[in-house]
file work-v4.csv (CSV, C-alpha atoms and all ligand atoms)
chain,number,residue,atom,x,y,z
A,1,MET,CA,-20.0,171.2,219.0
A,2,LYS,CA,-16.7,172.1,220.7
A,3,ILE,CA,-16.0,175.5,222.1
A,4,LEU,CA,-12.4,176.8,222.5
A,5,PHE,CA,-11.3,179.9,224.3
A,6,PHE,CA,-7.8,181.2,223.7
A,7,THR,CA,-6.6,183.2,226.7
A,8,GLY,CA,-3.4,184.7,228.0
A,9,LYS,CA,-1.5,187.8,228.7
A,10,GLY,CA,-1.5,190.7,226.2
A,11,GLY,CA,0.7,190.1,223.2
A,12,VAL,CA,1.6,186.5,223.8
A,13,GLY,CA,0.0,185.3,220.6
A,14,LYS,CA,-3.6,184.4,221.5
A,15,SER,CA,-5.0,185.7,218.2
A,16,THR,CA,-2.2,184.1,216.1
A,17,MET,CA,-2.7,180.7,217.8
A,18,ALA,CA,-6.5,180.9,217.6
A,19,ALA,CA,-6.2,181.8,213.9
A,20,ALA,CA,-3.7,179.0,213.3
A,21,ALA,CA,-5.9,176.5,215.2
A,22,ALA,CA,-9.0,177.6,213.3
A,23,TRP,CA,-7.2,177.2,210.0
A,24,GLN,CA,-5.9,173.8,210.9
A,25,LEU,CA,-9.2,172.5,212.3
A,26,SER,CA,-11.1,173.8,209.2
A,27,GLN,CA,-9.2,171.3,207.0
A,28,LYS,CA,-11.5,168.6,208.4
A,29,SER,CA,-14.3,170.4,210.2
A,30,ARG,CA,-16.6,173.5,210.1
A,31,VAL,CA,-15.1,176.3,212.1
A,32,LEU,CA,-16.2,179.7,213.3
A,33,ILE,CA,-13.6,182.0,214.8
A,34,VAL,CA,-14.9,184.9,216.8
A,35,SER,CA,-12.7,187.8,218.1
A,36,LEU,CA,-13.9,189.2,221.4
A,37,ASP,CA,-10.9,191.6,221.7
A,38,PRO,CA,-11.8,195.3,221.4
A,39,ALA,CA,-8.6,195.8,219.5
A,40,HIS,CA,-9.3,193.3,216.7
A,41,ASN,CA,-6.7,191.9,214.4
A,42,LEU,CA,-8.4,188.8,213.2
A,43,GLY,CA,-9.2,190.5,209.8
A,44,ASP,CA,-5.5,191.5,209.5
A,45,ILE,CA,-4.3,188.0,210.3
A,46,PHE,CA,-6.5,186.5,207.6
A,47,GLY,CA,-5.9,189.5,205.2
A,48,VAL,CA,-9.6,190.4,204.9
A,49,ASP,CA,-11.8,193.3,206.0
A,50,LEU,CA,-14.4,191.9,208.4
A,51,LYS,CA,-16.6,194.9,209.1
A,52,ASN,CA,-18.1,193.5,212.2
A,53,LYS,CA,-20.2,190.8,210.5
A,54,LYS,CA,-19.7,187.1,210.0
A,55,SER,CA,-17.7,186.5,206.9
A,56,ARG,CA,-17.1,183.3,205.0
A,57,TYR,CA,-13.4,182.7,204.5
A,58,THR,CA,-13.5,179.2,203.0
A,59,ASN,CA,-16.4,176.7,202.8
A,60,THR,CA,-15.5,175.5,206.2
A,61,LEU,CA,-14.1,178.6,207.9
A,62,TYR,CA,-16.0,181.7,209.0
A,63,LEU,CA,-14.6,184.7,210.7
A,64,LYS,CA,-16.3,187.3,213.0
A,65,GLU,CA,-15.2,190.3,215.0
A,66,ILE,CA,-17.5,191.5,217.8
A,67,ASP,CA,-17.9,195.2,218.2
A,68,LEU,CA,-17.8,195.5,222.0
A,69,GLN,CA,-18.9,199.1,222.2
A,70,LYS,CA,-22.0,198.5,220.0
A,71,LEU,CA,-22.7,195.3,222.0
A,72,SER,CA,-22.6,197.2,225.3
A,73,ARG,CA,-24.9,199.9,224.0
A,74,GLU,CA,-27.4,197.3,222.8
A,75,TYR,CA,-27.2,195.4,226.0
A,76,LEU,CA,-27.8,198.5,228.0
A,77,GLN,CA,-30.8,199.5,225.8
A,78,ARG,CA,-32.4,196.1,226.2
A,79,GLU,CA,-32.0,196.3,230.0
A,80,ILE,CA,-33.4,199.8,230.0
A,81,ASN,CA,-36.4,198.7,228.0
A,82,VAL,CA,-37.1,195.8,230.4
A,83,LEU,CA,-36.7,198.0,233.5
A,84,SER,CA,-38.9,200.8,232.2
A,85,GLY,CA,-41.5,198.3,231.2
A,86,THR,CA,-41.4,196.5,234.5
A,87,TYR,CA,-41.4,199.7,236.7
A,88,LYS,CA,-43.8,201.8,234.6
A,89,TYR,CA,-46.2,202.0,237.7
A,90,LEU,CA,-43.4,203.6,239.8
A,91,GLN,CA,-43.6,207.4,239.2
A,92,THR,CA,-41.7,208.4,242.3
A,93,LEU,CA,-38.5,206.8,241.1
A,94,ASN,CA,-36.6,208.9,238.7
A,95,LEU,CA,-35.7,206.2,236.2
A,96,ASP,CA,-34.3,208.6,233.5
A,97,ASN,CA,-31.7,209.8,236.0
A,98,TYR,CA,-30.8,206.3,236.9
A,99,PHE,CA,-30.5,205.2,233.2
A,100,SER,CA,-28.2,208.1,232.4
A,101,VAL,CA,-25.6,206.9,234.9
A,102,LEU,CA,-26.2,203.2,234.3
A,103,ARG,CA,-23.9,203.1,231.3
A,104,TYR,CA,-20.9,203.9,233.6
A,105,SER,CA,-21.8,201.0,235.8
A,106,PRO,CA,-19.0,198.4,236.2
A,107,GLY,CA,-19.7,195.0,234.6
A,108,ILE,CA,-21.6,196.3,231.5
A,109,GLU,CA,-18.9,195.2,229.1
A,110,GLU,CA,-18.5,191.8,230.7
A,111,TYR,CA,-22.2,191.2,230.6
A,112,ALA,CA,-22.4,192.3,227.0
A,113,LEU,CA,-19.6,190.0,226.1
A,114,LEU,CA,-21.1,187.1,227.9
A,115,THR,CA,-24.5,187.6,226.3
A,116,SER,CA,-22.8,187.6,222.9
A,117,ILE,CA,-20.9,184.4,223.7
A,118,GLU,CA,-24.1,182.8,224.8
A,119,LYS,CA,-26.0,183.9,221.7
A,120,THR,CA,-23.2,182.7,219.4
A,121,ILE,CA,-23.2,179.3,221.1
A,122,ARG,CA,-27.0,179.1,220.9
A,123,ASP,CA,-27.3,180.3,217.3
A,124,GLU,CA,-24.3,178.9,215.5
A,125,THR,CA,-25.1,175.2,215.8
A,126,ASP,CA,-23.9,174.5,212.2
A,127,PHE,CA,-20.3,174.6,213.3
A,128,ASP,CA,-18.2,171.8,214.7
A,129,TYR,CA,-15.9,174.3,216.5
A,130,ILE,CA,-16.4,177.8,217.7
A,131,ILE,CA,-13.1,179.4,218.6
A,132,PHE,CA,-13.1,182.6,220.8
A,133,ASP,CA,-10.1,184.8,220.7
A,134,THR,CA,-10.4,186.6,224.1
A,135,PRO,CA,-9.2,190.0,225.3
A,136,PRO,CA,-6.3,190.1,227.8
A,137,THR,CA,-6.5,188.2,231.1
A,138,GLY,CA,-8.4,190.6,233.4
A,139,LEU,CA,-11.5,191.0,231.3
A,140,THR,CA,-11.5,187.4,230.3
A,141,LEU,CA,-11.5,186.1,233.8
A,142,ARG,CA,-14.2,188.5,234.8
A,143,PHE,CA,-16.6,187.5,232.1
A,144,LEU,CA,-15.8,183.8,232.6
A,145,ALA,CA,-16.6,184.3,236.3
A,146,LEU,CA,-19.9,186.0,235.6
A,147,PRO,CA,-22.2,183.0,235.3
A,148,ARG,CA,-21.3,181.7,238.7
A,149,VAL,CA,-21.3,185.1,240.3
A,150,THR,CA,-24.7,185.9,238.7
A,151,ILE,CA,-26.3,182.7,239.7
A,152,THR,CA,-25.4,183.3,243.3
A,153,TRP,CA,-27.0,186.8,243.4
A,154,ILE,CA,-30.0,185.9,241.3
A,155,ASP,CA,-30.8,183.2,243.9
A,156,ARG,CA,-30.7,185.8,246.6
A,157,LEU,CA,-32.8,188.2,244.5
A,158,ILE,CA,-35.4,185.5,244.0
A,159,GLN,CA,-35.7,185.0,247.7
A,160,ILE,CA,-36.1,188.8,248.3
A,161,ARG,CA,-38.7,189.0,245.6
A,162,GLN,CA,-40.6,186.1,247.0
A,163,LYS,CA,-40.7,187.9,250.4
A,164,ILE,CA,-42.0,191.1,248.7
A,165,LEU,CA,-44.8,189.1,247.1
A,166,GLU,CA,-45.7,187.4,250.4
A,167,LYS,CA,-46.0,190.8,252.0
A,168,ARG,CA,-48.1,192.1,249.1
A,169,TYR,CA,-50.4,189.2,249.5
A,170,THR,CA,-50.8,189.9,253.2
A,171,ILE,CA,-51.7,193.6,252.5
A,172,HIS,CA,-54.1,192.5,249.8
A,173,ARG,CA,-55.9,190.2,252.2
A,174,ILE,CA,-56.1,192.9,254.9
A,175,ARG,CA,-57.4,195.6,252.5
A,176,GLY,CA,-59.9,193.5,250.7
A,177,THR,CA,-61.6,194.9,247.5
A,178,LEU,CA,-59.8,197.8,245.7
A,179,SER,CA,-61.5,201.1,244.7
A,180,SER,CA,-61.5,201.6,240.9
A,181,GLU,CA,-58.5,204.1,241.0
A,182,GLU,CA,-56.2,201.7,242.7
A,183,THR,CA,-53.9,199.3,240.9
A,184,LEU,CA,-53.6,195.8,242.1
A,185,LEU,CA,-49.9,194.8,242.2
A,186,ASP,CA,-49.2,191.1,241.4
A,187,TYR,CA,-48.8,189.0,244.5
A,188,LYS,CA,-48.9,185.5,243.0
A,189,GLU,CA,-45.4,184.2,241.9
A,190,GLU,CA,-46.7,183.0,238.6
A,191,ASP,CA,-48.1,186.5,237.7
A,192,ASP,CA,-45.0,188.5,238.7
A,193,ASP,CA,-42.9,189.7,235.8
A,194,ILE,CA,-39.8,190.3,237.9
A,195,LEU,CA,-39.8,186.9,239.4
A,196,LYS,CA,-40.4,185.3,235.9
A,197,ARG,CA,-37.5,187.3,234.6
A,198,LEU,CA,-35.2,186.2,237.5
A,199,TRP,CA,-36.2,182.6,236.9
A,200,LYS,CA,-35.4,182.9,233.2
A,201,LEU,CA,-32.1,184.5,233.9
A,202,ASN,CA,-31.2,181.9,236.4
A,203,THR,CA,-32.0,179.1,233.8
A,204,ASN,CA,-29.9,180.8,231.1
A,205,TYR,CA,-26.9,181.3,233.4
A,206,GLN,CA,-27.1,177.8,234.7
A,207,ALA,CA,-27.1,176.5,231.2
A,208,LEU,CA,-24.2,178.7,230.2
A,209,ASN,CA,-22.2,177.6,233.2
A,210,LYS,CA,-22.9,174.0,232.4
A,211,ILE,CA,-21.5,174.6,228.9
A,212,LEU,CA,-18.4,176.4,230.1
A,213,GLN,CA,-17.6,173.7,232.6
A,214,GLY,CA,-18.6,170.9,230.3
A,215,GLU,CA,-16.6,168.4,228.3
A,216,ASN,CA,-16.9,170.2,225.0
A,217,CYS,CA,-15.5,173.4,226.3
A,218,SER,CA,-11.7,173.9,226.3
A,219,ILE,CA,-9.7,176.8,227.6
A,220,ILE,CA,-6.3,177.2,226.0
A,221,LEU,CA,-3.7,179.3,227.7
A,222,VAL,CA,-1.0,180.8,225.6
A,223,PHE,CA,2.2,182.0,227.2
A,224,ASN,CA,5.7,183.0,226.2
A,225,PRO,CA,9.1,181.8,227.5
A,226,ASP,CA,9.5,184.7,230.0
A,227,ILE,CA,9.0,185.3,233.7
A,228,LEU,CA,6.2,187.9,233.4
A,229,SER,CA,4.2,185.6,231.2
A,230,LEU,CA,4.8,182.8,233.7
A,231,LYS,CA,3.5,184.9,236.6
A,232,GLU,CA,0.4,186.1,234.8
A,233,SER,CA,-0.3,182.6,233.5
A,234,ARG,CA,-0.2,181.2,237.0
A,235,ARG,CA,-2.7,183.8,238.2
A,236,LEU,CA,-5.0,182.9,235.3
A,237,MET,CA,-4.6,179.2,236.0
A,238,GLU,CA,-5.6,179.8,239.7
A,239,GLY,CA,-8.6,181.8,238.6
A,240,LEU,CA,-9.7,179.0,236.2
A,241,ASN,CA,-9.3,176.5,238.9
A,242,ASP,CA,-11.4,178.6,241.4
A,243,LEU,CA,-14.1,178.8,238.8
A,244,ASN,CA,-13.9,175.1,237.9
A,245,LEU,CA,-13.3,176.0,234.2
A,246,PRO,CA,-11.5,173.4,232.0
A,247,LEU,CA,-8.0,174.3,231.1
A,248,ARG,CA,-7.1,171.7,228.4
A,249,LEU,CA,-4.0,173.0,226.7
A,250,LEU,CA,-1.0,175.2,227.3
A,251,ILE,CA,0.8,176.7,224.4
A,252,ASN,CA,4.4,177.9,224.9
A,253,ASN,CA,4.6,180.3,222.0
A,254,LYS,CA,7.5,182.2,220.4
A,255,VAL,CA,10.2,179.7,221.4
A,256,THR,CA,13.6,180.3,219.8
A,257,ARG,CA,17.0,178.6,220.0
A,258,GLU,CA,18.1,181.5,222.2
A,259,ASN,CA,15.3,181.2,224.7
A,260,GLU,CA,14.9,177.4,224.7
A,261,GLU,CA,16.4,177.1,228.2
A,262,MET,CA,14.0,179.7,229.6
A,263,ALA,CA,11.2,177.9,227.7
A,264,GLY,CA,12.0,174.7,229.5
A,265,TYR,CA,12.1,176.5,232.9
A,266,VAL,CA,8.7,178.2,232.3
A,267,GLU,CA,7.1,174.9,231.2
A,268,GLU,CA,8.4,173.0,234.3
A,269,ASN,CA,6.9,175.8,236.5
A,270,MET,CA,3.6,175.7,234.6
A,271,LYS,CA,3.4,171.9,235.1
A,272,LYS,CA,3.5,172.4,238.8
A,273,THR,CA,0.2,174.3,238.7
A,274,ALA,CA,-1.4,172.3,235.9
A,275,LYS,CA,-0.1,168.8,236.2
A,276,ASP,CA,-2.1,166.9,233.6
A,277,VAL,CA,-2.5,169.6,231.0
A,278,PRO,CA,-0.5,169.0,227.8
A,279,ILE,CA,2.0,171.6,226.6
A,280,ASP,CA,2.5,172.5,222.9
A,281,ARG,CA,5.6,174.3,221.9
A,282,ILE,CA,5.4,176.8,219.0
A,283,PHE,CA,8.5,178.3,217.6
A,284,LEU,CA,8.8,181.9,216.7
A,285,SER,CA,8.3,182.1,213.0
A,286,ARG,CA,10.6,184.3,211.0
A,287,THR,CA,8.7,183.8,207.8
A,288,LEU,CA,6.1,186.5,207.3
A,289,LEU,CA,3.4,185.6,204.9
A,290,ASP,CA,0.7,187.7,203.4
A,291,GLY,CA,-2.3,186.7,205.6
A,292,LYS,CA,-3.7,184.4,202.9
A,293,ASP,CA,-4.8,180.9,203.8
A,294,GLY,CA,-5.0,181.8,207.5
A,295,LYS,CA,-1.3,182.4,207.8
A,296,LEU,CA,0.3,185.6,208.6
A,297,TYR,CA,3.1,183.6,210.0
A,298,ASP,CA,4.3,180.2,209.0
A,299,ILE,CA,3.0,178.1,211.9
A,300,ARG,CA,3.9,174.5,211.0
A,301,GLU,CA,3.3,172.9,214.3
A,302,ASP,CA,0.0,171.1,214.8
A,303,ILE,CA,-1.9,173.0,217.5
A,304,THR,CA,-5.0,170.8,217.1
A,305,SER,CA,-3.9,167.3,218.1
A,306,ASN,CA,-4.7,167.9,221.7
A,307,LEU,CA,-7.9,169.6,220.9
A,308,SER,CA,-9.9,167.5,218.5
D,1,LIG,N1,4.7,182.0,216.7
D,1,LIG,C1,4.9,183.3,216.3
D,1,LIG,N2,5.9,183.6,215.4
D,1,LIG,C2,6.1,184.8,215.0
D,1,LIG,N3,5.3,185.9,215.4
D,1,LIG,C3,4.4,185.6,216.3
D,1,LIG,C4,4.1,184.3,216.7
D,1,LIG,N4,3.0,184.4,217.6
D,1,LIG,C5,2.6,185.7,217.6
D,1,LIG,N5,3.4,186.5,216.8
D,1,LIG,C6,3.4,187.9,216.7
D,1,LIG,O1,3.4,188.5,218.0
D,1,LIG,C7,2.5,189.6,218.0
D,1,LIG,C8,1.4,189.4,219.0
D,1,LIG,O2,0.6,188.3,218.6
D,1,LIG,P1,-1.0,188.3,218.7
D,1,LIG,O3,-1.6,189.6,218.2
D,1,LIG,O4,-1.4,187.0,218.2
D,1,LIG,O5,-1.0,188.3,220.3
D,1,LIG,P2,-2.3,188.5,221.3
D,1,LIG,O6,-2.0,187.7,222.5
D,1,LIG,O7,-3.5,188.2,220.5
D,1,LIG,O8,-2.2,190.1,221.5
D,1,LIG,P3,-3.4,191.0,222.2
D,1,LIG,O9,-3.3,190.7,223.7
D,1,LIG,O10,-2.9,192.3,221.8
D,1,LIG,O11,-4.7,190.6,221.6
D,1,LIG,C9,2.0,189.8,216.6
D,1,LIG,O12,2.8,190.7,215.9
D,1,LIG,C10,2.1,188.4,216.0
D,1,LIG,O13,2.2,188.4,214.7
D,2,MG,MG,-5.3,189.4,220.2
call {"tool": "encode", "arguments": {"input": "work-v4.csv", "output": "structure tokens"}}
result
Amino acid sequence: MKILFFTGKGGVGKSTMAAAAAWQLSQKSRVLIVSLDPAHNLGDIFGVDLKNKKSRYTNTLYLKEIDLQKLSREYLQREINVLSGTYKYLQTLNLDNYFSVLRYSPGIEEYALLTSIEKTIRDETDFDYIIFDTPPTGLTLRFLALPRVTITWIDRLIQIRQKILEKRYTIHRIRGTLSSEETLLDYKEEDDDILKRLWKLNTNYQALNKILQGENCSIILVFNPDILSLKESRRLMEGLNDLNLPLRLLINNKVTRENEEMAGYVEENMKKTAKDVPIDRIFLSRTLLDGKDGKLYDIREDITSNLS
């Protein structure tokens, strides 16, 4: 299975290009396109009402829009359940108070998104391609960075937890047998729920990171022939490079006869940062269609030759 992420600055044509690629690839393969953007327009592009559930568009093309708010609420609830289950012996800590502010915590949306991507990749094994249409650059880079960031701090948490268990074991040996009212806290690594959860999280994030950095994952950067788009694309490319994520295709979208010179200039500059990445040029289409057959605009260029 191949995984494609369409990224880029707001309004450059990520959704349009993702939809066109999905349509083109679905002529020969089974494709699922998932919109991760809180302001969805995938349904509009295909001329259908998606209602936040996976919908069959043709035999080989399925569409889905993710409800980010719902996802964040569910993510938070799952975490709260785990926390209140794990810390039920701690009466001194006011957990309710903590939970009520937790939803304002930074990173919840990014984790919710990442969890949903991971679940989609794990569950939707029937498809040859999963295409993710991502929100504008900032949020996208943050959630793509999460697996690596998370692995780093989970490693540290594991070390801290192991120290706590060692200390518990020492106390247990000094104190000897417990009276009947006392609770014995786990001190063995294999009995400790928190450590088990940290190990599991670590395994999951390592696996996800491997998928994101792997051969079957492609990040496609869409840009327009203008300077602002060039500047933001450069930042995104640097970010992807830092994170070791595979940028495989650049799409210079909305080229016209009038801006062709600027299009060439922007492409030359992009090549300086991403030497070996192919560039596709897509012309601004003036033919507005009705959203049927995956075409709100008449995109004739083949976006898929560098992807399949
Ligand atoms: N090649 C094209 N020809 C004509 N119109 C286009 C083309 N590509 C995109 N558009 C139009 O440009 C606008 C922005 O496109 P789109 O919604 O795909 O961008 P986006 O990058 O997904 O935006 P957002 O950041 O808001 O998600 C839309 O009105 C879309 O129809
Ligand atoms: Mg979009």
call {"tool": "closest_residue", "arguments": {"input": "work-v4.csv", "among": "A:Thr134, A:Asn202, A:Thr120, A:Ser55", "to": "Ala18 in chain A", "atoms": "all atoms listed in the file"}}
result
A:Thr134
call {"tool": "atom_distance", "arguments": {"input": "work-v4.csv", "atom1": "CA of Leu146 in chain A", "atom2": "CA of Thr203 in chain A"}}
result
14.0 Å
call {"tool": "atom_distance", "arguments": {"input": "work-v4.csv", "atom1": "CA of Thr115 in chain A", "atom2": "CA of Thr304 in chain A"}}
result
27.3 Å
call {"tool": "closest_residue", "arguments": {"input": "work-v4.csv", "among": "A:Leu42, A:Ile211, A:Leu71, A:Val266", "to": "Lys231 in chain A", "atoms": "all atoms listed in the file"}}
result
A:Val266
call {"tool": "closest_residue", "arguments": {"input": "work-v4.csv", "among": "A:Thr137, A:Asn269, A:Ile131, A:Ser15", "to": "Arg235 in chain A", "atoms": "only C-alpha atoms"}}
result
A:Thr137
call {"tool": "atom_distance", "arguments": {"input": "work-v4.csv", "atom1": "CA of Trp23 in chain A", "atom2": "CA of Thr58 in chain A"}}
result
9.6 Å
call {"tool": "residues_around", "arguments": {"input": "work-v4.csv", "residues": "Leu243 in chain A", "least_positions_apart": "6", "cutoff": "9 Å", "atoms": "only C-alpha atoms", "output": "compact mmCIF listing (two decimals) with C-alpha atoms, in the frame of the given file"}}
result
# COMPACT_ATOMS: atom_id res chain seq x y z
CA LEU A 144 -15.80 183.80 232.60
CA ALA A 145 -16.60 184.30 236.30
CA ARG A 148 -21.30 181.70 238.70
CA GLN A 213 -17.60 173.70 232.60
call {"tool": "closest_residue", "arguments": {"input": "work-v4.csv", "among": "A:Leu247, A:Ala112, A:Leu4, A:Val12", "to": "ligand LIG 1 (chain D)", "atoms": "all atoms listed in the file"}}
result
A:Val12
call {"tool": "residues_near_ligand", "arguments": {"input": "work-v4.csv", "ligand": "ligand LIG 1 (chain D)", "cutoff": "7 Å", "atoms": "all atoms listed in the file", "output": "CSV table (one decimal) with C-alpha atoms, keeping the file's coordinate frame"}}
result
chain,number,residue,atom,x,y,z
A,8,GLY,CA,-3.4,184.7,228.0
A,9,LYS,CA,-1.5,187.8,228.7
A,10,GLY,CA,-1.5,190.7,226.2
A,11,GLY,CA,0.7,190.1,223.2
A,12,VAL,CA,1.6,186.5,223.8
A,13,GLY,CA,0.0,185.3,220.6
A,14,LYS,CA,-3.6,184.4,221.5
A,15,SER,CA,-5.0,185.7,218.2
A,16,THR,CA,-2.2,184.1,216.1
A,17,MET,CA,-2.7,180.7,217.8
A,37,ASP,CA,-10.9,191.6,221.7
A,39,ALA,CA,-8.6,195.8,219.5
A,41,ASN,CA,-6.7,191.9,214.4
A,135,PRO,CA,-9.2,190.0,225.3
A,136,PRO,CA,-6.3,190.1,227.8
A,253,ASN,CA,4.6,180.3,222.0
A,254,LYS,CA,7.5,182.2,220.4
A,282,ILE,CA,5.4,176.8,219.0
A,283,PHE,CA,8.5,178.3,217.6
A,284,LEU,CA,8.8,181.9,216.7
A,285,SER,CA,8.3,182.1,213.0
A,286,ARG,CA,10.6,184.3,211.0
A,296,LEU,CA,0.3,185.6,208.6
A,297,TYR,CA,3.1,183.6,210.0
A,299,ILE,CA,3.0,178.1,211.9
call {"tool": "residues_near_point", "arguments": {"input": "work-v4.csv", "point": "(-17.1, 184.8, 209.4)", "cutoff": "10 Å", "atoms": "only C-alpha atoms", "output": "PyMOL selection string"}}
result
chain A and resi 31-34+43+50+52-58+60-65
call {"tool": "residues_near_point", "arguments": {"input": "work-v4.csv", "point": "(-6.7, 174.6, 210.3)", "cutoff": "10 Å", "atoms": "all atoms listed in the file", "output": "compact mmCIF listing (two decimals) with C-alpha atoms, in the frame of the given file"}}
result
# COMPACT_ATOMS: atom_id res chain seq x y z
CA ALA A 18 -6.50 180.90 217.60
CA ALA A 19 -6.20 181.80 213.90
CA ALA A 20 -3.70 179.00 213.30
CA ALA A 21 -5.90 176.50 215.20
CA ALA A 22 -9.00 177.60 213.30
CA TRP A 23 -7.20 177.20 210.00
CA GLN A 24 -5.90 173.80 210.90
CA LEU A 25 -9.20 172.50 212.30
CA SER A 26 -11.10 173.80 209.20
CA GLN A 27 -9.20 171.30 207.00
CA LYS A 28 -11.50 168.60 208.40
CA SER A 29 -14.30 170.40 210.20
CA ARG A 30 -16.60 173.50 210.10
CA VAL A 31 -15.10 176.30 212.10
CA THR A 60 -15.50 175.50 206.20
CA LEU A 61 -14.10 178.60 207.90
CA ASP A 293 -4.80 180.90 203.80
CA GLY A 294 -5.00 181.80 207.50
CA LYS A 295 -1.30 182.40 207.80
CA ASP A 302 0.00 171.10 214.80
CA ILE A 303 -1.90 173.00 217.50
CA THR A 304 -5.00 170.80 217.10
call {"tool": "residues_around", "arguments": {"input": "work-v4.csv", "residues": "range 225-230 of chain A", "least_positions_apart": "6", "cutoff": "7 Å", "atoms": "only C-alpha atoms", "output": "list of chain:residue names"}}
result
A:Lys9, A:Asn252, A:Val255, A:Asn259, A:Met262, A:Ala263, A:Val266
call {"tool": "residues_around", "arguments": {"input": "work-v4.csv", "residues": "Glu238 in chain A", "least_positions_apart": "4", "cutoff": "12 Å", "atoms": "only C-alpha atoms", "output": "list of chain:residue names"}}
result
A:Leu141, A:Lys231, A:Glu232, A:Ser233, A:Arg234, A:Asp242, A:Leu243, A:Asn244, A:Leu245, A:Pro246, A:Leu247, A:Met270, A:Lys272, A:Thr273, A:Ala274
call {"tool": "closest_residue", "arguments": {"input": "work-v4.csv", "among": "A:Leu68, A:Leu83, A:Leu201, A:Leu36", "to": "ligand MG 2 (chain D)", "atoms": "all atoms listed in the file"}}
result
A:Leu36
call {"tool": "decode", "arguments": {"input": "work-v4.csv", "residues": "range 46-62 of chain A", "atoms": "N, CA and C atoms", "output": "CSV table (one decimal), in the first residue's frame"}}
result
chain,number,residue,atom,x,y,z
A,46,PHE,N,-16.0,16.6,-5.2
A,46,PHE,CA,-16.6,15.4,-5.9
A,46,PHE,C,-18.1,15.5,-6.1
A,47,GLY,N,-18.7,16.6,-5.6
A,47,GLY,CA,-20.1,16.8,-5.7
A,47,GLY,C,-21.0,15.9,-5.0
A,48,VAL,N,-20.5,15.5,-3.8
A,48,VAL,CA,-21.3,14.6,-2.9
A,48,VAL,C,-21.3,15.1,-1.5
A,49,ASP,N,-22.3,14.6,-0.7
A,49,ASP,CA,-22.3,15.0,0.7
A,49,ASP,C,-21.7,13.8,1.5
A,50,LEU,N,-20.6,14.1,2.2
A,50,LEU,CA,-19.8,13.0,2.8
A,50,LEU,C,-20.2,12.6,4.2
A,51,LYS,N,-20.8,13.6,4.9
A,51,LYS,CA,-21.3,13.4,6.3
A,51,LYS,C,-20.3,12.6,7.2
A,52,ASN,N,-19.1,13.0,7.1
A,52,ASN,CA,-18.1,12.4,8.0
A,52,ASN,C,-17.9,10.9,8.1
A,53,LYS,N,-18.4,10.2,7.1
A,53,LYS,CA,-18.2,8.8,7.1
A,53,LYS,C,-17.6,8.3,5.7
A,54,LYS,N,-17.0,7.2,5.7
A,54,LYS,CA,-16.3,6.8,4.5
A,54,LYS,C,-17.4,6.5,3.4
A,55,SER,N,-17.3,7.0,2.2
A,55,SER,CA,-18.3,6.8,1.2
A,55,SER,C,-17.7,6.3,-0.1
A,56,ARG,N,-18.5,5.4,-0.7
A,56,ARG,CA,-18.0,4.8,-1.9
A,56,ARG,C,-18.4,5.8,-3.0
A,57,TYR,N,-17.4,6.2,-3.9
A,57,TYR,CA,-17.7,7.1,-5.0
A,57,TYR,C,-17.8,6.3,-6.3
A,58,THR,N,-16.8,5.4,-6.5
A,58,THR,CA,-16.9,4.4,-7.6
A,58,THR,C,-16.4,3.1,-6.9
A,59,ASN,N,-16.4,2.0,-7.7
A,59,ASN,CA,-15.9,0.7,-7.2
A,59,ASN,C,-14.5,0.8,-6.7
A,60,THR,N,-13.7,1.7,-7.2
A,60,THR,CA,-12.3,1.8,-6.8
A,60,THR,C,-11.9,3.1,-6.1
A,61,LEU,N,-12.9,3.9,-5.8
A,61,LEU,CA,-12.5,5.2,-5.2
A,61,LEU,C,-13.5,5.5,-4.0
A,62,TYR,N,-12.9,5.6,-2.8
A,62,TYR,CA,-13.7,5.9,-1.6
A,62,TYR,C,-13.2,7.3,-1.0
